[in-house]
Structure formats: C-alpha cells, structure tokens
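Peer 1: Structure file my_file_6.csv, CSV, C-alpha atoms, is pasted below:
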```
chain,number,residue,atom,x,y,z
A,1,MET,CA,-10.5,4.4,-11.0
A,2,ALA,CA,-13.6,2.7,-9.8
A,3,GLU,CA,-14.3,-1.0,-10.5
A,4,THR,CA,-14.9,-1.2,-14.3
A,5,PRO,CA,-15.8,-4.4,-16.1
A,6,GLY,CA,-12.7,-5.9,-17.6
A,7,THR,CA,-10.2,-3.5,-15.9
A,8,MET,CA,-8.0,-3.7,-12.9
A,9,GLU,CA,-4.9,-1.8,-11.6
A,10,ILE,CA,-1.9,-4.0,-10.6
A,11,GLY,CA,1.1,-2.7,-8.8
A,12,ILE,CA,3.8,-3.0,-6.2
A,13,SER,CA,4.0,-2.0,-2.6
A,14,THR,CA,7.1,-2.0,-0.4
A,15,PHE,CA,8.4,-0.9,3.0
A,16,LEU,CA,11.9,-0.6,1.7
A,17,GLU,CA,13.2,-3.5,3.9
A,18,THR,CA,16.8,-3.4,5.1
A,19,THR,CA,16.5,-6.5,7.3
A,20,PRO,CA,19.5,-8.9,7.6
A,21,ASP,CA,19.9,-11.2,4.6
A,22,PRO,CA,18.6,-14.5,5.9
A,23,HIS,CA,21.5,-16.4,4.2
A,24,THR,CA,24.5,-14.1,4.9
A,25,GLY,CA,23.4,-11.9,7.8
A,26,GLN,CA,24.5,-8.9,5.9
A,27,ILE,CA,22.5,-5.7,6.2
A,28,MET,CA,22.4,-3.3,3.2
A,29,SER,CA,22.6,0.4,3.8
A,30,HIS,CA,19.4,2.6,3.8
A,31,ALA,CA,21.0,4.6,1.0
A,32,LEU,CA,21.4,1.6,-1.2
A,33,ARG,CA,17.8,0.4,-0.6
A,34,LEU,CA,16.5,3.9,-1.5
A,35,ARG,CA,18.4,3.9,-4.8
A,36,GLN,CA,17.1,0.4,-5.5
A,37,ALA,CA,13.6,1.6,-5.0
A,38,VAL,CA,14.0,4.2,-7.7
A,39,GLU,CA,15.2,1.5,-10.1
A,40,GLU,CA,12.2,-0.6,-9.2
A,41,ILE,CA,9.7,2.2,-9.9
A,42,VAL,CA,11.3,2.9,-13.2
A,43,LEU,CA,11.1,-0.7,-14.2
A,44,ALA,CA,7.5,-1.0,-13.0
A,45,ASP,CA,6.6,1.9,-15.2
A,46,GLN,CA,8.4,0.3,-18.2
A,47,VAL,CA,6.7,-3.0,-17.9
A,48,GLY,CA,3.2,-1.5,-17.7
A,49,LEU,CA,2.4,-1.7,-14.0
A,50,ASP,CA,-0.2,0.8,-12.8
A,51,VAL,CA,1.0,1.9,-9.3
A,52,TYR,CA,3.9,1.8,-6.9
A,53,GLY,CA,3.5,2.4,-3.2
A,54,ILE,CA,5.9,3.0,-0.3
A,55,GLY,CA,5.0,2.5,3.3
A,56,GLU,CA,6.2,4.9,6.0
A,57,HIS,CA,8.1,3.4,8.9
A,58,HIS,CA,10.6,4.8,11.5
A,59,ARG,CA,12.8,1.9,12.5
A,60,ALA,CA,16.2,0.5,11.5
A,61,ASP,CA,14.9,-2.4,9.4
A,62,TYR,CA,13.0,-0.2,6.9
A,63,ALA,CA,14.3,2.8,4.9
A,64,GLY,CA,10.9,4.3,4.0
A,65,THR,CA,10.6,7.2,6.5
A,66,ALA,CA,9.8,9.7,3.7
A,67,PRO,CA,7.9,8.0,0.9
A,68,ALA,CA,7.1,11.2,-1.0
A,69,VAL,CA,10.8,12.0,-1.4
A,70,VAL,CA,11.6,8.5,-2.8
A,71,LEU,CA,8.6,8.7,-5.1
A,72,ALA,CA,9.6,12.2,-6.3
A,73,ALA,CA,13.1,10.8,-7.2
A,74,ALA,CA,11.4,8.5,-9.6
A,75,ALA,CA,8.7,10.9,-10.8
A,76,THR,CA,10.7,12.6,-13.5
A,77,GLN,CA,12.1,9.2,-14.7
A,78,THR,CA,8.7,7.7,-15.3
A,79,GLN,CA,5.7,8.4,-17.6
A,80,ARG,CA,2.5,6.7,-16.5
A,81,ILE,CA,2.8,4.8,-13.2
A,82,ARG,CA,0.9,6.2,-10.2
A,83,LEU,CA,3.0,7.0,-7.1
A,84,THR,CA,1.5,6.6,-3.7
A,85,SER,CA,2.3,6.2,0.0
A,86,ALA,CA,1.4,2.8,1.4
A,87,VAL,CA,0.8,4.2,4.0
A,88,THR,CA,1.3,7.6,5.4
A,89,VAL,CA,0.9,7.4,9.2
A,90,LEU,CA,-1.4,10.4,9.3
A,91,SER,CA,-2.0,10.2,13.1
A,92,SER,CA,1.6,11.3,13.8
A,93,ASP,CA,2.2,13.7,10.9
A,94,ASP,CA,1.1,17.2,10.1
A,95,PRO,CA,-1.6,17.3,7.5
A,96,VAL,CA,-0.3,20.5,6.1
A,97,ARG,CA,3.1,19.0,5.4
A,98,VAL,CA,1.6,15.8,4.1
A,99,TYR,CA,-0.5,17.7,1.6
A,100,GLN,CA,2.5,19.9,0.6
A,101,ALA,CA,4.8,16.9,0.1
A,102,PHE,CA,2.3,15.0,-2.1
A,103,SER,CA,1.1,18.0,-4.0
A,104,THR,CA,4.8,18.7,-4.8
A,105,LEU,CA,5.0,15.1,-6.0
A,106,ASP,CA,1.9,15.6,-8.0
A,107,GLY,CA,3.4,18.5,-9.8
A,108,LEU,CA,6.7,16.7,-10.5
A,109,SER,CA,4.8,13.7,-11.8
A,110,ASN,CA,2.2,15.8,-13.7
A,111,GLY,CA,-0.7,14.4,-11.8
A,112,ARG,CA,0.2,10.9,-10.7
A,113,ALA,CA,0.5,11.3,-6.9
A,114,GLU,CA,-1.8,9.7,-4.3
A,115,ILE,CA,-1.9,9.6,-0.5
A,116,MET,CA,-2.9,6.4,1.3
A,117,ALA,CA,-3.6,7.5,4.9
A,118,GLY,CA,-3.6,5.1,7.8
A,119,ARG,CA,-3.4,5.1,11.6
A,120,GLY,CA,-0.3,2.9,11.5
A,121,SER,CA,0.1,-0.7,12.7
A,122,PHE,CA,3.7,0.2,13.7
A,123,THR,CA,3.8,2.8,16.4
A,124,GLU,CA,7.4,4.0,16.4
A,125,SER,CA,6.4,7.4,14.9
A,126,PHE,CA,4.3,8.4,18.0
A,127,PRO,CA,7.1,8.8,20.6
A,128,LEU,CA,9.5,10.0,17.8
A,129,PHE,CA,7.3,13.0,17.0
A,130,GLY,CA,5.9,13.6,20.5
A,131,TYR,CA,2.4,12.1,20.3
A,132,SER,CA,0.7,9.8,22.8
A,133,LEU,CA,-0.7,6.4,21.8
A,134,GLU,CA,-3.7,7.3,24.0
A,135,ASP,CA,-4.7,9.7,21.3
A,136,TYR,CA,-4.2,7.2,18.5
A,137,ASN,CA,-7.8,7.3,17.1
A,138,GLU,CA,-8.5,10.9,17.8
A,139,LEU,CA,-5.4,12.1,16.1
A,140,PHE,CA,-6.2,10.2,13.0
A,141,GLU,CA,-9.8,11.5,12.8
A,142,GLU,CA,-8.7,15.1,13.3
A,143,ASN,CA,-5.8,14.9,10.9
A,144,LEU,CA,-7.9,13.3,8.2
A,145,GLU,CA,-10.5,16.0,8.6
A,146,LEU,CA,-7.8,18.7,8.1
A,147,LEU,CA,-6.1,16.9,5.2
A,148,LEU,CA,-9.4,16.7,3.3
A,149,ALA,CA,-10.1,20.3,4.1
A,150,ILE,CA,-6.7,21.4,2.7
A,151,ARG,CA,-7.0,19.3,-0.5
A,152,ASP,CA,-10.6,20.6,-1.2
A,153,THR,CA,-10.1,24.3,-0.4
A,154,GLU,CA,-7.1,26.6,-1.1
A,155,LYS,CA,-7.8,28.8,1.9
A,156,VAL,CA,-8.4,26.8,5.1
A,157,SER,CA,-9.9,27.6,8.4
A,158,TRP,CA,-9.9,24.8,10.9
A,159,ARG,CA,-9.7,24.1,14.6
A,160,GLY,CA,-9.0,20.8,16.5
A,161,GLY,CA,-7.8,19.5,19.8
A,162,HIS,CA,-4.2,18.5,19.0
A,163,ARG,CA,-2.9,21.1,16.7
A,164,ALA,CA,-2.8,24.9,16.5
A,165,ALA,CA,-5.8,26.3,14.7
A,166,ILE,CA,-5.6,27.6,11.1
A,167,VAL,CA,-7.4,30.7,10.2
A,168,ASN,CA,-7.9,31.5,6.5
A,169,ARG,CA,-4.5,30.3,5.4
A,170,GLY,CA,-3.5,29.1,2.0
A,171,VAL,CA,-1.6,25.8,1.6
A,172,TYR,CA,0.7,25.5,-1.4
A,173,PRO,CA,1.6,24.2,-4.0
A,174,ARG,CA,-1.9,23.1,-5.1
A,175,SER,CA,-2.0,19.7,-6.7
A,176,VAL,CA,-2.4,19.1,-10.4
A,177,GLN,CA,-5.2,16.6,-9.7
A,178,THR,CA,-8.5,18.1,-8.4
A,179,PRO,CA,-8.8,16.6,-5.9
A,180,LEU,CA,-5.6,15.0,-5.0
A,181,PRO,CA,-6.6,11.3,-4.4
A,182,VAL,CA,-6.7,10.3,-0.7
A,183,TRP,CA,-7.3,6.6,0.2
A,184,ILE,CA,-8.0,5.2,3.6
A,185,ALA,CA,-5.8,2.2,4.5
A,186,SER,CA,-7.1,-0.5,6.9
A,187,GLY,CA,-5.8,-3.8,8.2
A,188,GLY,CA,-9.3,-5.0,8.6
A,189,ASN,CA,-11.0,-2.6,11.0
A,190,ALA,CA,-14.7,-2.2,10.6
A,191,GLU,CA,-14.6,1.3,11.8
A,192,SER,CA,-12.1,2.3,9.1
A,193,ALA,CA,-14.3,0.7,6.4
A,194,ILE,CA,-17.3,2.6,7.6
A,195,ARG,CA,-15.4,5.9,7.9
A,196,ALA,CA,-14.1,5.5,4.3
A,197,GLY,CA,-17.5,4.7,3.0
A,198,MET,CA,-19.2,7.6,4.7
A,199,LEU,CA,-16.5,10.0,3.3
A,200,GLY,CA,-16.8,8.4,-0.2
A,201,LEU,CA,-13.0,7.8,-0.1
A,202,PRO,CA,-11.3,4.8,-1.8
A,203,ILE,CA,-10.2,2.1,0.6
A,204,ALA,CA,-7.2,-0.3,0.7
A,205,PHE,CA,-7.2,-3.4,2.8
A,206,ALA,CA,-4.0,-5.0,4.0
A,207,ILE,CA,-4.6,-8.8,3.7
A,208,ILE,CA,-1.6,-10.6,5.0
A,209,GLY,CA,-3.2,-13.6,6.7
A,210,GLY,CA,-6.2,-15.9,6.6
A,211,MET,CA,-8.3,-16.0,3.4
A,212,PRO,CA,-8.9,-12.8,1.4
A,213,GLU,CA,-12.6,-13.8,1.0
A,214,GLN,CA,-13.0,-13.2,4.7
A,215,PHE,CA,-12.8,-9.5,4.0
A,216,ALA,CA,-16.1,-9.6,2.1
A,217,PRO,CA,-18.1,-8.4,5.1
A,218,LEU,CA,-15.8,-5.4,5.4
A,219,VAL,CA,-16.3,-4.6,1.7
A,220,ASP,CA,-20.1,-4.8,2.3
A,221,LEU,CA,-19.8,-2.4,5.3
A,222,TYR,CA,-17.8,0.0,3.2
A,223,LYS,CA,-20.3,0.0,0.4
A,224,GLN,CA,-23.3,0.2,2.7
A,225,ALA,CA,-21.9,3.2,4.5
A,226,ALA,CA,-21.1,5.0,1.2
A,227,VAL,CA,-24.7,4.5,0.0
A,228,ARG,CA,-26.2,5.7,3.3
A,229,ALA,CA,-24.0,8.8,2.9
A,230,GLY,CA,-25.3,9.5,-0.6
A,231,HIS,CA,-22.2,8.4,-2.5
A,232,ASP,CA,-22.4,6.6,-5.9
A,233,PRO,CA,-21.4,3.0,-5.3
A,234,ALA,CA,-20.3,2.7,-8.9
A,235,LYS,CA,-17.5,5.2,-8.2
A,236,LEU,CA,-16.1,3.4,-5.2
A,237,GLN,CA,-12.5,2.1,-5.4
A,238,ILE,CA,-11.2,-0.9,-3.4
A,239,ALA,CA,-7.6,-2.0,-3.2
A,240,THR,CA,-5.8,-4.9,-1.4
A,241,HIS,CA,-2.2,-5.2,-0.5
A,242,SER,CA,-0.8,-8.7,0.1
A,243,HIS,CA,2.7,-10.3,0.4
A,244,GLY,CA,4.0,-12.2,-2.6
A,245,PHE,CA,6.6,-13.0,-5.2
A,246,VAL,CA,6.5,-14.0,-8.8
A,247,GLY,CA,9.1,-16.5,-10.2
A,248,ASP,CA,9.6,-18.3,-13.5
A,249,THR,CA,8.2,-21.4,-11.7
A,250,THR,CA,6.1,-21.8,-8.6
A,251,ASP,CA,8.7,-24.0,-6.9
A,252,GLU,CA,11.4,-21.4,-7.5
A,253,ALA,CA,9.2,-18.5,-6.3
A,254,ALA,CA,8.3,-20.5,-3.1
A,255,GLU,CA,11.9,-21.3,-2.3
A,256,LYS,CA,13.2,-17.8,-2.9
A,257,PHE,CA,10.5,-16.0,-0.9
A,258,PHE,CA,10.3,-18.3,2.1
A,259,ALA,CA,13.5,-17.5,4.1
A,260,PRO,CA,13.3,-13.7,4.0
A,261,THR,CA,9.5,-13.9,4.8
A,262,GLN,CA,10.1,-16.3,7.7
A,263,ALA,CA,12.9,-14.1,9.1
A,264,GLN,CA,10.9,-10.9,9.1
A,265,MET,CA,7.6,-12.4,10.2
A,266,ASN,CA,9.4,-13.9,13.2
A,267,VAL,CA,10.8,-10.5,14.1
A,268,ILE,CA,7.4,-8.9,14.0
A,269,GLY,CA,5.8,-11.9,15.7
A,270,ARG,CA,8.2,-11.6,18.7
A,271,GLU,CA,7.5,-7.9,18.9
A,272,ARG,CA,3.7,-8.4,18.9
A,273,GLY,CA,3.6,-11.6,21.0
A,274,TRP,CA,2.2,-13.9,18.3
A,275,GLY,CA,3.5,-17.0,20.1
A,276,GLN,CA,4.3,-19.7,17.5
A,277,PRO,CA,7.2,-18.9,15.1
A,278,TYR,CA,6.4,-18.7,11.4
A,279,SER,CA,6.7,-22.1,9.9
A,280,ARG,CA,7.0,-23.6,6.4
A,281,ALA,CA,3.7,-25.3,7.0
A,282,THR,CA,2.1,-21.9,7.7
A,283,TYR,CA,3.8,-20.4,4.6
A,284,ASP,CA,2.7,-23.3,2.3
A,285,ALA,CA,-0.9,-23.1,3.5
A,286,ALA,CA,-1.0,-19.3,2.8
A,287,ARG,CA,0.3,-20.0,-0.8
A,288,SER,CA,-2.8,-22.1,-1.5
A,289,LEU,CA,-5.3,-20.8,-4.0
A,290,ARG,CA,-7.5,-19.3,-1.2
A,291,GLY,CA,-4.6,-18.1,1.0
A,292,ALA,CA,-3.3,-14.6,1.4
A,293,LEU,CA,0.2,-15.2,-0.1
A,294,TYR,CA,0.5,-14.5,-3.8
A,295,VAL,CA,3.6,-16.7,-4.5
A,296,GLY,CA,4.1,-18.6,-7.6
A,297,ASP,CA,4.6,-18.6,-11.4
A,298,PRO,CA,2.8,-15.9,-13.4
A,299,GLU,CA,-0.2,-18.1,-14.3
A,300,TYR,CA,-0.8,-19.1,-10.6
A,301,VAL,CA,-0.5,-15.5,-9.3
A,302,ALA,CA,-2.8,-14.3,-12.0
A,303,GLU,CA,-5.3,-17.0,-11.1
A,304,LYS,CA,-5.2,-15.8,-7.4
A,305,ILE,CA,-5.7,-12.2,-8.4
A,306,ILE,CA,-8.7,-13.1,-10.6
A,307,LEU,CA,-10.2,-15.0,-7.7
A,308,LEU,CA,-9.7,-12.0,-5.5
A,309,ARG,CA,-11.5,-9.8,-8.0
A,310,ARG,CA,-14.4,-12.3,-8.0
A,311,ASN,CA,-14.6,-12.5,-4.2
A,312,LEU,CA,-14.1,-8.8,-3.2
A,313,GLY,CA,-14.6,-6.8,-6.4
A,314,VAL,CA,-11.3,-5.0,-6.0
A,315,SER,CA,-10.2,-2.4,-8.5
A,316,ARG,CA,-6.5,-2.4,-7.5
A,317,PHE,CA,-4.1,-5.0,-6.3
A,318,PHE,CA,-0.7,-4.4,-4.7
A,319,LEU,CA,1.8,-7.2,-4.5
A,320,HIS,CA,4.1,-6.5,-1.6
A,321,VAL,CA,7.6,-7.5,-2.7
A,322,ASN,CA,9.6,-8.1,-0.5
A,323,VAL,CA,8.7,-8.9,3.1
A,324,GLY,CA,12.4,-9.4,4.1
A,325,THR,CA,15.6,-8.6,2.3
A,326,MET,CA,16.0,-10.3,-1.1
A,327,PRO,CA,18.6,-9.9,-3.8
A,328,HIS,CA,17.8,-6.8,-5.9
A,329,LEU,CA,17.9,-8.7,-9.2
A,330,GLU,CA,15.3,-11.2,-7.9
A,331,VAL,CA,13.0,-8.4,-6.9
A,332,MET,CA,13.4,-6.8,-10.3
A,333,ARG,CA,12.6,-10.1,-12.0
A,334,ALA,CA,9.5,-10.4,-10.0
A,335,ILE,CA,8.4,-6.9,-11.0
A,336,GLU,CA,9.1,-7.7,-14.6
A,337,LEU,CA,7.1,-10.9,-14.5
A,338,LEU,CA,4.2,-9.1,-12.7
A,339,GLY,CA,4.1,-6.5,-15.5
A,340,THR,CA,4.8,-8.5,-18.6
A,341,ARG,CA,3.1,-11.9,-17.7
A,342,VAL,CA,0.7,-11.6,-14.7
A,343,ALA,CA,-1.0,-8.3,-15.5
A,344,PRO,CA,-1.8,-9.3,-19.2
A,345,ILE,CA,-3.3,-12.6,-18.1
A,346,VAL,CA,-5.5,-10.8,-15.5
A,347,ARG,CA,-6.6,-8.1,-17.9
A,348,LYS,CA,-7.4,-10.6,-20.7
A,349,GLU,CA,-9.4,-12.9,-18.4
A,350,LEU,CA,-11.3,-10.0,-16.8
A,351,ALA,CA,-12.2,-8.6,-20.2
A,352,ARG,CA,-13.5,-12.1,-21.2
A,353,LEU,CA,-15.5,-12.6,-18.0
A,354,GLU,CA,-16.8,-9.0,-17.5
A,355,GLY,CA,-16.5,-7.2,-20.8
```
Please render this file's structure as structure tokens.

Peer 2:
Amino acid sequence: MAETPGTMEIGISTFLETTPDPHTGQIMSHALRLRQAVEEIVLADQVGLDVYGIGEHHRADYAGTAPAVVLAAAATQTQRIRLTSAVTVLSSDDPVRVYQAFSTLDGLSNGRAEIMAGRGSFTESFPLFGYSLEDYNELFEENLELLLAIRDTEKVSWRGGHRAAIVNRGVYPRSVQTPLPVWIASGGNAESAIRAGMLGLPIAFAIIGGMPEQFAPLVDLYKQAAVRAGHDPAKLQIATHSHGFVGDTTDEAAEKFFAPTQAQMNVIGRERGWGQPYSRATYDAARSLRGALYVGDPEYVAEKIILLRRNLGVSRFFLHVNVGTMPHLEVMRAIELLGTRVAPIVRKELARLEG
C-alpha cells in the first residue's frame, strides 16, 4: 500500500540466525530454526501483524538460503499476513526461478507474496553460484530488468550479457497478484533509490546505524526520480528495516537483546574491518529516541515508529528480531507484543495525527 493518512504496515524481518548462543555457546540446528520460523509467521498472523520477511544468506550462521520455501510452509497456515523475501540476492540468482518460486508462493497464499530484490551486502552467494563480484552491479541491473519483464508479460523475449537469451518463452505459474509486487532493497545507496524511483517500484531501506532521519535525503531522491519518470508520488511505498526487540519493560528488553546483538555485530565487524568492537555504550546510544535500534517496551517502540513515520513518511516498518540467537519463547513474546501492543498504539496515534 502507498502511504495513506492514518495507516501503516508493521511486521517482522529475520535472517533465521543460527549463531552460537551468547550465554551457552550452543548452536541450534538449521532444521530447528526453520521450524521456529514457521511458528513465528503463524503467530505474527494471529496477532495482526501485516508482513513477515526472510532474508537470503548462504553461510553457516543463517538458515535462510531459500526464503520462498520457508514462507510457503507457513502460507497455508496463515490467513492475512503478507510474505516476502528480505532480501532476495537477485544479482546471483536466476530471475526465471525467482519469479517461479514467488508466483508459486503467491498461489499457495492466495495473493500474499512479495519479492524484495537487492544486490546483497553479504557476498557468499557469488562464488557459490559461479558469479564474479566484478559484475556485482551489472548482474543486478540485468536480472532486475528480466524479472520485471517476466512478471509483466506471460511470454518473454529478452537478451542480456550474463545469461542465455529467452525468445518468446512462457514462465509459469503466473502469480495471483497482477503484478506480483517487487520491491527494491537498499542499505542507503543513492543509485538504488534513484533506480527504484525511476521504475516506480516500492523501496525498502535497511537502517541499522546512525539516525533514521539521516535517510530523508534518500527518500527525497527516490520521490524526485519517480516524479521525473512520470510516476504518481501518492502511490509510492517506502519501508524501513531496523534491528530491535520488544519486552514487557524497556530495561528487560535492553538486557535480553544486548548480548546476542553484540556477539553477531562483532562477528560481522571483524569480517568487514569495522575496527572497534560493538560496545554497550554504542548499543545504548542506538536505543535512544533518534537512534536506529528499536528496543524497549511497547510504548517506547511505538513512539520511535511514529517518529520514523514523521521523519521519513514510511508506509511499512520491519522490526528485525533477532540479530543473534535468542530463546524462541522470547522472540515469540516480542512478536506478540509488537502485534497486540505496539501496532495498535501506532495505528491509533497515526489516525489521530493524520486522519
């Protein structure tokens, strides 16, 4: 949906973490984490959340190599919640198979599937599937072009530089939704924002550091590009994805979420050469009202989401639970609180402010 006064979609995103438990060192099996994800999606649907997204990764500490399969497992057990990748690493995948997987999910869910396409901030999929990182941008551009052609036309003719040509071939099954929603996912790249705007596609920003309000110039670039390309700005959709956790009290939420977050952020930091380890001071600063961590009791998390709406005009918010491994019951409680406490506060306040 586009940004509508008084309305906003709220949901969950996850990478299906299987990192070592920060307290015991134990590592759950991928199979267990996959089954837990289906339970989370069913609960999210039951408590009234709008969307659940699974990110694609190809490494030992995440179980989400095939998001569409996991989402499909939950599709027939849910009624209303939308089911999306978060993200599909389109640069290293085949657009034909991506469309087929998500059109199949769309059929199983009776029109609730979405694709969130990104270039990928993790690059393990490139050597795994035989692609060169030197072609990182070109692969994404070509594959996005083909994916959009497939979703818009039953019989496709297409030629690019990295894949065999397609000449008047049909791609099936066709999606229930016309068209199947395709979002562009960005970590804050201006080029991605402009591309999404020019294509008139919805955009999702990953905001995991700094202050969310700093993304306002990118939102402006996105909208300006859309207007220049002749798209109706009133129909644009903007989502954000941020780490966070909801507890019965803010102190409880902060304590439970810190250790797994610190552990996984330090792993990623070492891989990417961030330098300083992730500290409690960094964490607490990010939990402040203008920070990028949405950690606290329902009222506080709702207040931060409302501020995000005011600053960026978002139509959808993903709370990424969890960053590192957390007990399943704690994750389920956070989902319950997000749906039964946070979302109603946000919806009521937006209706008052904007209705």

Peer 1: Rank A:Glu124, A:Glu114, A:Glu40, A:Asp106 by their smallest atom-to-atom distance to Thr65 of chain A, using all atoms listed in the file, and report the top residue only.

Peer 2: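 Using all atoms listed in the file, the shortest distance to Thr65 of chain A belongs to A:Glu124.
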
Peer 1: How far is it from atom CA of Glu213 of chain A to atom CA of Leu308 of chain A, in Å with one decimal?

Peer 2: 7.3 Å

Peer 1: Restricting the calculation to all atoms listed in the file, which member of A:Ala113, A:Leu312, A:Ile81, A:Ala31 is positioned closest to Ala44 of chain A?

Peer 2: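 Closest candidate: A:Ile81.
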
Peer 1: Which of these, A:Asp61, A:Glu39, A:Asp21, A:Asp93, has the shortest distance to Pro260 of chain A once you count all atoms listed in the file?

Peer 2: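 Answer, going by the shortest atom-to-atom distance: A:Asp21.
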
Peer 1: Write out as a list in words each polymer residue whose atoms come within 9 Å of Leu221 of chain A, counting only C-alpha atoms; drop sequence neighbours fewer than 6 positions from it.

Peer 2: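 Answer for this query is Ala190, Ala193, Ile194 and Gly197 of chain A.
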
Peer 1: For Ala196 of chain A, which of A:Phe15, A:Tyr222, A:Phe215, A:Tyr172 is the closest residue, counting all atoms listed in the file?

Peer 2: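 Comparing A:Phe15, A:Tyr222, A:Phe215, A:Tyr172 against Ala196 of chain A, the winner is A:Tyr222.
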
Peer 1: With only C-alpha atoms counted, which protein, DNA or RNA residues have an atom no more than 12 Å from (-17.2, -8.2, -7.9) in the file frame? Please answer as a list in words.

Peer 2: Ala2, Glu3, Thr4, Pro5, Gly6, Thr7, Met8, Glu213, Ala216, Val219, Asp220, Ala234, Leu236, Gln237, Ile238, Ile306, Leu307, Leu308, Arg309, Arg310, Asn311, Leu312, Gly313, Val314, Ser315, Leu350, Leu353 and Glu354 of chain A

Peer 1: Quick one: everything within 10 Å of segment 267-278 of chain A, counting all atoms listed in the file, minus sequence neighbours fewer than 5 positions away in the same chain. Send it as a list of chain:residue names.

Peer 2: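 The neighbour list is A:Thr19, A:Phe122, A:Thr261, A:Gln262, A:Tyr283.
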
Peer 1: Just give me the gap between atom CA of Glu142 of chain A and atom CA of Leu199 of chain A in Å, one decimal is fine.

Peer 2: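 These two atoms are separated by 13.7 Å.
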
Peer 1: Please write as a compact mmCIF listing (two decimals) with C-alpha atoms, in the coordinates of the input the list of polymer residues whose atoms come within 10 Å of (13.4, -17.8, -9.5), counting only C-alpha atoms and keeping to the coordinates of the file.

Peer 2:
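In the end it all went to part.txt:
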```txt
# COMPACT_ATOMS: atom_id res chain seq x y z
CA PHE A 245 6.60 -13.00 -5.20
CA VAL A 246 6.50 -14.00 -8.80
CA GLY A 247 9.10 -16.50 -10.20
CA ASP A 248 9.60 -18.30 -13.50
CA THR A 249 8.20 -21.40 -11.70
CA THR A 250 6.10 -21.80 -8.60
CA ASP A 251 8.70 -24.00 -6.90
CA GLU A 252 11.40 -21.40 -7.50
CA ALA A 253 9.20 -18.50 -6.30
CA ALA A 254 8.30 -20.50 -3.10
CA GLU A 255 11.90 -21.30 -2.30
CA LYS A 256 13.20 -17.80 -2.90
CA PHE A 257 10.50 -16.00 -0.90
CA GLY A 296 4.10 -18.60 -7.60
CA ASP A 297 4.60 -18.60 -11.40
CA GLU A 330 15.30 -11.20 -7.90
CA VAL A 331 13.00 -8.40 -6.90
CA ARG A 333 12.60 -10.10 -12.00
CA ALA A 334 9.50 -10.40 -10.00
```

Peer 1: May I have the residues within 12 Å of Pro179 of chain A as an MDAnalysis selection string, using all atoms listed in the file and disregarding those fewer than 3 positions away in the same chain?

Peer 2: chainID A and resid 99 102:103 106 111:115 147:154 174:176 182:183 201

Peer 1: Could you work out how far atom CA of Arg316 of chain A lies from atom CA of Ala239 of chain A, giving the answer in Å with one decimal?

Peer 2: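 Going from atom CA of Ala239 of chain A over to atom CA of Arg316 of chain A covers 4.5 Å.
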
Peer 1: Point out the residue among A:Asp284, A:Thr340, A:Asn189, A:Gln264 with the least atom-to-atom distance to Asn322 of chain A, counting all atoms listed in the file.

Peer 2: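 Looking at the shortest contact to Asn322 of chain A, the residue is A:Gln264.
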
Peer 1: Nearest to Met198 of chain A: which of A:Thr14, A:Ser186, A:Gln224, A:Thr282 is it, counting only C-alpha atoms?

Peer 2: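 Checking each of A:Thr14, A:Ser186, A:Gln224, A:Thr282 against Met198 of chain A, counting only C-alpha atoms, the winner is A:Gln224.
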
Peer 1: Find the residues around Ala68 of chain A up to 8 Å (all atoms listed in the file counted), leave out those fewer than 6 positions away in its own chain, and share them as a list in words.

Peer 2: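 Everything that qualifies: Thr84, Ser85, Ala101, Phe102 and Leu105 of chain A.
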
Peer 1: Please provide as a PyMOL selection string all residues within 7 Å of Ser91 of chain A, with the sequence filter that same-chain residues fewer than 3 positions apart are discarded (counting all atoms listed in the file).

Peer 2: chain A and resi 119+136+139-140+143

Peer 1: Store the residues picked out above in a file with C-alpha atoms, as a compact mmCIF listing (two decimals), in the coordinates of the input.

Peer 2:
```txt
# COMPACT_ATOMS: atom_id res chain seq x y z
CA ARG A 119 -3.40 5.10 11.60
CA TYR A 136 -4.20 7.20 18.50
CA LEU A 139 -5.40 12.10 16.10
CA PHE A 140 -6.20 10.20 13.00
CA ASN A 143 -5.80 14.90 10.90
```

Peer 1: Generate the missing atoms of segment 177-181 of chain A up to all heavy atoms and report them as a compact mmCIF listing (two decimals), in the coordinates of the input.

Peer 2:
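See selection.txt below for the written result:
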```txt
# COMPACT_ATOMS: atom_id res chain seq x y z
N GLN A 177 -3.92 17.32 -9.76
CA GLN A 177 -5.20 16.60 -9.70
C GLN A 177 -6.17 17.38 -8.81
O GLN A 177 -5.79 17.88 -7.76
CB GLN A 177 -5.04 15.21 -9.21
CG GLN A 177 -4.13 14.34 -10.07
CD GLN A 177 -3.89 12.99 -9.42
OE1 GLN A 177 -4.65 12.05 -9.61
NE2 GLN A 177 -2.81 12.89 -8.66
N THR A 178 -7.42 17.43 -9.24
CA THR A 178 -8.50 18.10 -8.40
C THR A 178 -9.61 17.08 -8.26
O THR A 178 -10.37 16.86 -9.19
CB THR A 178 -8.97 19.35 -9.08
OG1 THR A 178 -7.84 20.22 -9.33
CG2 THR A 178 -9.95 20.07 -8.17
N PRO A 179 -9.73 16.48 -7.06
CA PRO A 179 -8.80 16.60 -5.90
C PRO A 179 -7.68 15.65 -5.95
O PRO A 179 -7.71 14.67 -6.71
CB PRO A 179 -9.76 16.31 -4.73
CG PRO A 179 -10.68 15.26 -5.28
CD PRO A 179 -10.92 15.64 -6.73
N LEU A 180 -6.67 15.92 -5.14
CA LEU A 180 -5.60 15.00 -5.00
C LEU A 180 -6.15 13.71 -4.31
O LEU A 180 -6.80 13.79 -3.27
CB LEU A 180 -4.52 15.59 -4.04
CG LEU A 180 -3.28 14.74 -3.72
CD1 LEU A 180 -2.46 14.50 -4.97
CD2 LEU A 180 -2.44 15.42 -2.64
N PRO A 181 -5.95 12.53 -4.91
CA PRO A 181 -6.60 11.30 -4.40
C PRO A 181 -6.05 10.99 -2.95
O PRO A 181 -4.84 10.98 -2.70
CB PRO A 181 -6.14 10.22 -5.35
CG PRO A 181 -5.87 10.94 -6.62
CD PRO A 181 -5.28 12.27 -6.20
```
